[in-house]
Amino acid sequence: MSGDSWDAAVMTPRDSGGSRAWVDAYLTRLGLDRVEVHLAGHRGGMLALAEAHARLVPYENLAVLRGDGVQCTVEGVVDKIVRRRHGGIGLEVNGGLAALLDALGYDVELRGAAVAAEDGRYGPPLMHAVIVARIPDPWIVDVGFNAEAFALPVGGSDDAQAYGASADVAREVQAAGGGLPDPSADLDVTINGAPIYCVEARPRRLEDFVAPAWWYGTSPDSPHRKSPLCSRATSQGRVTLADRRFIHLAGGRISERLIEDDADLVATYQRRFGLQLAEVPQPGITG
């Protein structure tokens with residue numbers, strides 16, 4: 001995609017009719033506007049959108065605990081993130097950002113990923129969704145891998161971005177099985193040399209994730225049905241609510257406190273994450 005075509009697309013969504021309103025509303029949700037994104041340039045605009053998403057749209061599983069399931073359509077994700085001002089699990093927040101980038105004219109693909117277990121072996125495909133953006137060089141963008149959010153150049157450089165995590169941790173993209181990465185093939189993403197997931201070569205639609213979305217929302221083995229989790233990046237690190245434990249990472253230091261009072265807990269969700277809750281999230285299935 002040439003710079004000229006990208007410049008024009010940034011100011012006018014691909015579908016300049018019905019999509020204009022939701023794109024502008026999404027940008028407002030991220031505290032940005034078209035002019036800011038446009039003036040930042042191709043690479044800078046993409047990184048600004050990714051960072052704002054990591055900071056302002058929390059990674060959270062509260063809808064799953066309420067029994068509302070996981071959204072796996074663009075309409076459902078936009079309604080949840082933009083209109084209802086919630087966050088979501090990885091399928092949702094990465095799906096939402098991919099839809100926004102695409103509407104703004106970026107060359108992006110949503111791809112499935114198999115997540116690595118502690119022993120390094122990969123689980124089933126499509127259990128995570130990852131963005132591959134070409135600006136024009138390829139990048140892996142992920143704003144919702146548990147408490148990780150990052151943008152990594154596929155070819156390797158010093159420009160890797162980590163949102164809300166330690167900058168001295170090495171996050172890299174490799175060819176599946178090792179070697180030089182090819183953005184048109186399977187890709188391994190590693191942290192300190194250990195694989196976290198394998199990104200498949202095939203582009204996907206958000207609707208392709210309906211089976212894992214159903215599993216995350218209904219299976220007793222789903223990690224999202226066991227305990228409330230809400231986390232987002234900040235300018236200095238990350239804030240996380242793990243059930244009633246509030247964890248604050250700032251400047252490499254971690255502080256933690258237990259929130260026992262229900263009113264204080266609800267207020268913390270609102271003050272720290274922008275979530276308006278009618279009641280305290282309850283732990284779900286434990287076995």
# chains A, B, ... in the order shown; residues from 1 in each chain; ligands from 1
$ closest_atom_pairs --of "region 106-164 of chain A" --to "region 45-60 of chain A" --cutoff "12 Å" --atoms "only C-alpha atoms" --output "CSV"
residue,atom,partner,partner_atom,distance
A:Tyr106,CA,A:Met46,CA,8.2
A:Asp107,CA,A:Met46,CA,10.6
A:Val108,CA,A:Met46,CA,10.5
A:Ile131,CA,A:Ala50,CA,10.5
A:Val132,CA,A:Met46,CA,11.5
A:Ala133,CA,A:Met46,CA,8.6
A:Arg134,CA,A:Met46,CA,9.9
A:Ile135,CA,A:Met46,CA,8.1
A:Pro136,CA,A:Met46,CA,11.2
A:Pro138,CA,A:Met46,CA,11.8
A:Trp139,CA,A:Met46,CA,10.1
A:Ile140,CA,A:Ala50,CA,10.9
A:Val141,CA,A:Ala50,CA,7.4
A:Asp142,CA,A:Ala50,CA,8.0
A:Val143,CA,A:Ala54,CA,5.3
A:Gly144,CA,A:Tyr59,CA,5.8
A:Phe145,CA,A:Tyr59,CA,8.2
A:Asn146,CA,A:Tyr59,CA,6.9
A:Ala147,CA,A:Tyr59,CA,7.5
A:Glu148,CA,A:Ala54,CA,9.0
A:Ala149,CA,A:Ala54,CA,6.3
A:Phe150,CA,A:Ala50,CA,8.0
A:Ala151,CA,A:Leu47,CA,7.4
A:Leu152,CA,A:Leu47,CA,10.2
A:Pro153,CA,A:Leu47,CA,11.3
A:Asp159,CA,A:Leu47,CA,10.6
A:Ala160,CA,A:Leu47,CA,10.2
A:Gln161,CA,A:Leu47,CA,8.2
A:Ala162,CA,A:Glu51,CA,8.7
A:Tyr163,CA,A:Glu51,CA,6.4
A:Gly164,CA,A:Ala54,CA,8.0
$ select_by_dssp --residues "region 24-210 of chain A" --states "helix (DSSP H, G or I)" --output "number ranges by chain"
A: 24-29, 34-39, 41-56, 62-65, 74-83, 90-103, 206-210
$ residues_around --residues "Gly95 (chain A)" --least-positions-apart "5" --cutoff "12 Å" --atoms "only C-alpha atoms" --output "number ranges by chain"
A: 53, 70-78, 80-81, 87-90, 100-102, 108-112, 128-132, 141-144, 204-209
$ write_last_selection --atoms "N, CA and C atoms" --output "short mmCIF file (atom, residue, chain, number, x, y, z; two decimals), in the first residue's frame"
data_model
loop_
_atom_site.label_atom_id
_atom_site.label_comp_id
_atom_site.auth_asym_id
_atom_site.auth_seq_id
_atom_site.Cartn_x
_atom_site.Cartn_y
_atom_site.Cartn_z
N HIS A 53 -4.88 1.79 22.82
CA HIS A 53 -5.76 0.64 23.08
C HIS A 53 -5.30 -0.12 24.32
N VAL A 70 -18.32 -14.49 24.75
CA VAL A 70 -17.24 -13.75 24.09
C VAL A 70 -17.75 -13.29 22.73
N GLN A 71 -17.53 -12.03 22.40
CA GLN A 71 -17.97 -11.49 21.12
C GLN A 71 -17.00 -11.89 20.02
N CYS A 72 -17.52 -12.36 18.89
CA CYS A 72 -16.63 -12.73 17.78
C CYS A 72 -17.18 -12.24 16.45
N THR A 73 -17.83 -11.06 16.48
CA THR A 73 -18.17 -10.32 15.27
C THR A 73 -17.70 -8.89 15.48
N VAL A 74 -17.41 -8.20 14.38
CA VAL A 74 -16.97 -6.81 14.50
C VAL A 74 -18.05 -5.98 15.17
N GLU A 75 -19.31 -6.20 14.79
CA GLU A 75 -20.40 -5.44 15.37
C GLU A 75 -20.48 -5.66 16.89
N GLY A 76 -20.35 -6.91 17.31
CA GLY A 76 -20.42 -7.22 18.73
C GLY A 76 -19.26 -6.62 19.51
N VAL A 77 -18.05 -6.69 18.94
CA VAL A 77 -16.87 -6.15 19.62
C VAL A 77 -16.95 -4.63 19.71
N VAL A 78 -17.35 -3.96 18.62
CA VAL A 78 -17.47 -2.51 18.64
C VAL A 78 -18.52 -2.07 19.65
N LYS A 80 -19.37 -3.63 22.35
CA LYS A 80 -18.86 -3.87 23.70
C LYS A 80 -17.79 -2.84 24.09
N ILE A 81 -16.83 -2.60 23.20
CA ILE A 81 -15.70 -1.73 23.53
C ILE A 81 -16.06 -0.26 23.44
N GLY A 87 -13.94 -3.74 28.15
CA GLY A 87 -12.77 -4.28 27.47
C GLY A 87 -13.11 -5.64 26.90
N GLY A 88 -12.24 -6.62 27.11
CA GLY A 88 -12.52 -7.96 26.62
C GLY A 88 -11.28 -8.83 26.70
N ILE A 89 -11.44 -10.09 26.33
CA ILE A 89 -10.31 -11.00 26.28
C ILE A 89 -9.58 -10.78 24.95
N GLY A 90 -8.51 -11.54 24.72
CA GLY A 90 -7.66 -11.30 23.56
C GLY A 90 -8.37 -11.32 22.23
N LEU A 100 -10.54 -1.57 13.51
CA LEU A 100 -10.30 -0.13 13.43
C LEU A 100 -9.17 0.19 12.46
N LEU A 101 -8.06 -0.53 12.57
CA LEU A 101 -6.93 -0.30 11.66
C LEU A 101 -7.35 -0.52 10.21
N ASP A 102 -8.10 -1.58 9.96
CA ASP A 102 -8.56 -1.87 8.60
C ASP A 102 -9.46 -0.74 8.09
N VAL A 108 -3.79 -4.70 7.15
CA VAL A 108 -3.74 -5.56 8.34
C VAL A 108 -4.43 -6.89 8.06
N GLU A 109 -3.99 -7.89 8.79
CA GLU A 109 -4.65 -9.20 8.80
C GLU A 109 -4.85 -9.62 10.24
N LEU A 110 -5.95 -10.27 10.51
CA LEU A 110 -6.18 -10.94 11.79
C LEU A 110 -5.84 -12.40 11.59
N ARG A 111 -4.95 -12.93 12.41
CA ARG A 111 -4.53 -14.32 12.28
C ARG A 111 -4.75 -15.08 13.58
N GLY A 112 -4.95 -16.37 13.45
CA GLY A 112 -5.08 -17.22 14.62
C GLY A 112 -3.72 -17.60 15.17
N HIS A 128 -6.10 -17.89 20.16
CA HIS A 128 -5.78 -16.48 20.34
C HIS A 128 -5.84 -15.82 18.97
N ALA A 129 -6.06 -14.52 18.95
CA ALA A 129 -6.09 -13.75 17.70
C ALA A 129 -5.00 -12.68 17.76
N VAL A 130 -4.26 -12.55 16.66
CA VAL A 130 -3.12 -11.64 16.60
C VAL A 130 -3.23 -10.80 15.33
N ILE A 131 -2.75 -9.56 15.40
CA ILE A 131 -2.77 -8.66 14.25
C ILE A 131 -1.41 -8.69 13.56
N VAL A 132 -1.41 -8.84 12.24
CA VAL A 132 -0.22 -8.64 11.43
C VAL A 132 -0.46 -7.40 10.58
N VAL A 141 1.16 -7.19 16.19
CA VAL A 141 0.56 -6.28 17.17
C VAL A 141 -0.40 -7.09 18.04
N ASP A 142 -0.25 -6.97 19.35
CA ASP A 142 -1.08 -7.72 20.29
C ASP A 142 -1.35 -6.83 21.50
N VAL A 143 -2.61 -6.48 21.72
CA VAL A 143 -2.97 -5.64 22.87
C VAL A 143 -3.76 -6.43 23.91
N GLY A 144 -3.72 -7.77 23.83
CA GLY A 144 -4.51 -8.54 24.77
C GLY A 144 -4.05 -9.96 24.97
N ARG A 204 -7.54 -14.53 8.86
CA ARG A 204 -8.84 -14.97 9.40
C ARG A 204 -9.79 -13.79 9.52
N ARG A 205 -11.09 -14.11 9.56
CA ARG A 205 -12.10 -13.16 9.98
C ARG A 205 -12.38 -13.40 11.46
N LEU A 206 -12.88 -12.39 12.14
CA LEU A 206 -13.20 -12.55 13.55
C LEU A 206 -14.21 -13.67 13.76
N GLU A 207 -15.12 -13.84 12.79
CA GLU A 207 -16.14 -14.89 12.90
C GLU A 207 -15.52 -16.29 12.88
N ASP A 208 -14.30 -16.44 12.39
CA ASP A 208 -13.65 -17.75 12.38
C ASP A 208 -13.31 -18.24 13.78
N PHE A 209 -13.38 -17.36 14.77
CA PHE A 209 -13.02 -17.72 16.14
C PHE A 209 -14.24 -18.11 16.97
#
$ atom_distance --atom1 "CA of Ala175 (chain A)" --atom2 "CA of Leu187 (chain A)"
4.8 Å
$ select_by_dssp --residues "region 101-145 of chain A" --states "strand (DSSP E)" --output "PDB file with C-alpha atoms, in the first residue's frame"
ATOM      1  CA  ASP A 107      -2.888  -3.152   5.506  1.00  0.00           C
ATOM      2  CA  VAL A 108      -3.739  -5.562   8.336  1.00  0.00           C
ATOM      3  CA  GLU A 109      -4.646  -9.199   8.796  1.00  0.00           C
ATOM      4  CA  LEU A 110      -6.180 -10.935  11.790  1.00  0.00           C
ATOM      5  CA  ARG A 111      -4.526 -14.322  12.275  1.00  0.00           C
ATOM      6  CA  GLY A 112      -5.081 -17.219  14.621  1.00  0.00           C
ATOM      7  CA  ALA A 113      -2.450 -18.380  17.090  1.00  0.00           C
ATOM      8  CA  ALA A 114      -1.781 -21.558  19.025  1.00  0.00           C
ATOM      9  CA  VAL A 115      -0.732 -20.749  22.607  1.00  0.00           C
ATOM     10  CA  HIS A 128      -5.775 -16.481  20.344  1.00  0.00           C
ATOM     11  CA  ALA A 129      -6.088 -13.749  17.702  1.00  0.00           C
ATOM     12  CA  VAL A 130      -3.115 -11.643  16.599  1.00  0.00           C
ATOM     13  CA  ILE A 131      -2.773  -8.658  14.251  1.00  0.00           C
ATOM     14  CA  VAL A 132      -0.216  -8.641  11.428  1.00  0.00           C
ATOM     15  CA  ALA A 133       0.204  -5.081  10.109  1.00  0.00           C
ATOM     16  CA  ARG A 134       2.312  -3.966   7.131  1.00  0.00           C
ATOM     17  CA  PRO A 138       5.375  -6.354   8.782  1.00  0.00           C
ATOM     18  CA  TRP A 139       4.679  -6.068  12.507  1.00  0.00           C
ATOM     19  CA  ILE A 140       2.987  -8.334  15.041  1.00  0.00           C
ATOM     20  CA  VAL A 141       0.557  -6.282  17.168  1.00  0.00           C
ATOM     21  CA  ASP A 142      -1.084  -7.717  20.290  1.00  0.00           C
ATOM     22  CA  VAL A 143      -2.970  -5.641  22.874  1.00  0.00           C
ATOM     23  CA  GLY A 144      -4.515  -8.541  24.774  1.00  0.00           C
ATOM     24  CA  PHE A 145      -2.296 -11.499  25.576  1.00  0.00           C
TER      25      PHE A 145
END
$ residues_around --residues "Val64 (chain A)" --least-positions-apart "4" --cutoff "8 Å" --atoms "only C-alpha atoms" --output "PDB file with C-alpha atoms, in the first residue's frame"
ATOM      1  CA  ASP A  68     -22.499 -13.084  28.449  1.00  0.00           C
ATOM      2  CA  GLY A  69     -19.915 -15.056  26.468  1.00  0.00           C
ATOM      3  CA  VAL A  70     -17.244 -13.750  24.086  1.00  0.00           C
ATOM      4  CA  TYR A 216     -13.833 -19.698  26.530  1.00  0.00           C
ATOM      5  CA  GLY A 217     -17.365 -18.703  27.450  1.00  0.00           C
ATOM      6  CA  HIS A 224     -11.848 -16.963  31.948  1.00  0.00           C
ATOM      7  CA  ARG A 225     -14.637 -18.649  33.922  1.00  0.00           C
TER       8      ARG A 225
END
$ closest_residue --among "A:Leu126, A:Val37, A:Leu180, A:Ile254" --to "Val199 (chain A)" --atoms "only C-alpha atoms"
A:Leu126
$ atom_distance --atom1 "CA of Asp188 (chain A)" --atom2 "CA of Glu200 (chain A)"
8.9 Å
$ closest_residue --among "A:Gly96, A:Gly179, A:Gly105, A:Pro228" --to "Leu265 (chain A)" --atoms "only C-alpha atoms"
A:Pro228
$ residues_around --residues "region 268-274 of chain A" --least-positions-apart "5" --cutoff "12 Å" --atoms "only C-alpha atoms" --output "ChimeraX atom specification"
/A:29,54-60,62,81,84-87,228-234,238-248,257-263,279-281
$ write_last_selection --atoms "N, CA and C atoms" --output "tab-separated table (two decimals), in the first residue's frame"
chain	number	residue	atom	x	y	z
A	29	ARG	N	-12.94	6.90	21.92
A	29	ARG	CA	-12.72	5.97	23.04
A	29	ARG	C	-11.24	5.86	23.37
A	54	ALA	N	-3.98	-0.35	24.43
A	54	ALA	CA	-3.45	-1.08	25.57
A	54	ALA	C	-3.69	-0.35	26.88
A	55	ARG	N	-3.72	0.99	26.84
A	55	ARG	CA	-3.90	1.77	28.06
A	55	ARG	C	-5.35	2.00	28.42
A	56	LEU	N	-6.23	2.15	27.43
A	56	LEU	CA	-7.58	2.60	27.70
A	56	LEU	C	-8.66	1.53	27.55
A	57	VAL	N	-8.34	0.42	26.92
A	57	VAL	CA	-9.30	-0.68	26.77
A	57	VAL	C	-8.76	-1.87	27.56
A	58	PRO	N	-9.29	-2.15	28.73
A	58	PRO	CA	-8.68	-3.19	29.58
A	58	PRO	C	-8.87	-4.60	29.03
A	59	TYR	N	-7.87	-5.41	29.32
A	59	TYR	CA	-8.01	-6.85	29.13
A	59	TYR	C	-8.81	-7.36	30.32
A	60	GLU	N	-10.00	-7.91	30.08
A	60	GLU	CA	-10.85	-8.33	31.21
A	60	GLU	C	-11.82	-9.42	30.77
A	62	LEU	N	-14.83	-10.09	32.62
A	62	LEU	CA	-16.01	-9.93	33.47
A	62	LEU	C	-17.29	-10.36	32.75
A	81	ILE	N	-16.83	-2.60	23.20
A	81	ILE	CA	-15.70	-1.73	23.53
A	81	ILE	C	-16.06	-0.26	23.44
A	84	ARG	N	-20.53	0.31	24.95
A	84	ARG	CA	-20.70	-0.04	26.36
A	84	ARG	C	-19.45	0.24	27.18
A	85	ARG	N	-18.34	0.60	26.52
A	85	ARG	CA	-17.10	1.02	27.16
A	85	ARG	C	-16.54	-0.03	28.10
A	86	HIS	N	-16.58	-1.29	27.66
A	86	HIS	CA	-15.93	-2.38	28.37
A	86	HIS	C	-14.61	-2.70	27.68
A	87	GLY	N	-13.94	-3.74	28.15
A	87	GLY	CA	-12.77	-4.28	27.47
A	87	GLY	C	-13.11	-5.64	26.90
A	228	PRO	N	-12.25	-13.33	38.40
A	228	PRO	CA	-12.23	-12.04	37.70
A	228	PRO	C	-10.80	-11.56	37.47
A	229	LEU	N	-10.57	-11.03	36.29
A	229	LEU	CA	-9.26	-10.47	35.94
A	229	LEU	C	-9.48	-9.23	35.08
A	230	CYS	N	-8.81	-8.15	35.43
A	230	CYS	CA	-8.90	-6.91	34.68
A	230	CYS	C	-7.54	-6.24	34.73
A	231	SER	N	-7.00	-5.87	33.56
A	231	SER	CA	-5.64	-5.33	33.52
A	231	SER	C	-5.50	-4.37	32.35
A	232	ARG	N	-4.70	-3.33	32.55
A	232	ARG	CA	-4.40	-2.41	31.45
A	232	ARG	C	-3.02	-1.80	31.67
A	233	ALA	N	-2.42	-1.34	30.57
A	233	ALA	CA	-1.14	-0.66	30.63
A	233	ALA	C	-1.32	0.76	31.14
A	234	THR	N	-0.26	1.31	31.73
A	234	THR	CA	-0.21	2.71	32.13
A	234	THR	C	1.07	3.32	31.57
A	238	ARG	N	1.71	-1.03	34.70
A	238	ARG	CA	0.44	-1.73	34.52
A	238	ARG	C	-0.31	-1.78	35.83
A	239	VAL	N	-1.65	-1.73	35.74
A	239	VAL	CA	-2.50	-1.96	36.90
A	239	VAL	C	-3.38	-3.17	36.61
A	240	THR	N	-3.57	-4.01	37.63
A	240	THR	CA	-4.31	-5.26	37.47
A	240	THR	C	-5.17	-5.52	38.70
A	241	LEU	N	-6.39	-5.95	38.46
A	241	LEU	CA	-7.25	-6.48	39.52
A	241	LEU	C	-7.42	-7.98	39.25
A	242	ALA	N	-6.84	-8.79	40.11
A	242	ALA	CA	-6.98	-10.24	40.04
A	242	ALA	C	-7.88	-10.64	41.21
A	243	ASP	N	-9.18	-10.85	40.91
A	243	ASP	CA	-10.19	-11.03	41.93
A	243	ASP	C	-10.19	-9.78	42.82
A	244	ARG	N	-9.76	-9.88	44.06
A	244	ARG	CA	-9.75	-8.72	44.95
A	244	ARG	C	-8.33	-8.17	45.19
A	245	ARG	N	-7.36	-8.68	44.50
A	245	ARG	CA	-5.98	-8.21	44.65
A	245	ARG	C	-5.70	-7.12	43.61
A	246	PHE	N	-5.38	-5.92	44.09
A	246	PHE	CA	-5.01	-4.83	43.20
A	246	PHE	C	-3.49	-4.78	43.12
A	247	ILE	N	-2.96	-4.96	41.91
A	247	ILE	CA	-1.51	-5.05	41.69
A	247	ILE	C	-1.09	-3.86	40.83
A	248	HIS	N	-0.13	-3.11	41.33
A	248	HIS	CA	0.32	-1.90	40.65
A	248	HIS	C	1.80	-2.04	40.31
A	257	ARG	N	-2.32	-4.79	47.13
A	257	ARG	CA	-3.18	-4.70	48.30
A	257	ARG	C	-4.45	-5.49	48.05
A	258	LEU	N	-5.00	-6.01	49.12
A	258	LEU	CA	-6.24	-6.75	49.08
A	258	LEU	C	-7.40	-5.80	49.33
A	259	ILE	N	-8.40	-5.80	48.44
A	259	ILE	CA	-9.56	-4.94	48.58
A	259	ILE	C	-10.71	-5.78	49.12
A	260	GLU	N	-11.02	-5.63	50.38
A	260	GLU	CA	-12.04	-6.44	51.02
A	260	GLU	C	-13.43	-5.80	50.95
A	261	ASP	N	-13.48	-4.48	50.91
A	261	ASP	CA	-14.76	-3.77	50.90
A	261	ASP	C	-15.34	-3.75	49.49
A	262	ASP	N	-16.60	-4.16	49.35
A	262	ASP	CA	-17.24	-4.23	48.04
A	262	ASP	C	-17.33	-2.87	47.36
A	263	ALA	N	-17.69	-1.85	48.11
A	263	ALA	CA	-17.82	-0.51	47.53
A	263	ALA	C	-16.48	-0.01	47.02
A	279	GLU	N	-22.50	-4.42	40.20
A	279	GLU	CA	-22.24	-5.30	41.33
A	279	GLU	C	-20.81	-5.82	41.25
A	280	VAL	N	-20.37	-6.41	42.34
A	280	VAL	CA	-19.02	-6.95	42.41
A	280	VAL	C	-18.91	-8.20	41.55
A	281	PRO	N	-17.90	-8.29	40.67
A	281	PRO	CA	-17.70	-9.53	39.89
A	281	PRO	C	-17.47	-10.71	40.81
$ closest_residue --among "A:Val35, A:Ala250, A:Ala116, A:Cys198" --to "Gly178 (chain A)" --atoms "only C-alpha atoms"
A:Cys198
$ closest_residue --among "A:Leu30, A:Leu91, A:Val154, A:Leu249" --to "Ala211 (chain A)" --atoms "only C-alpha atoms"
A:Leu91
$ atom_distance --atom1 "CA of Val23 (chain A)" --atom2 "CA of Ala103 (chain A)"
7.2 Å
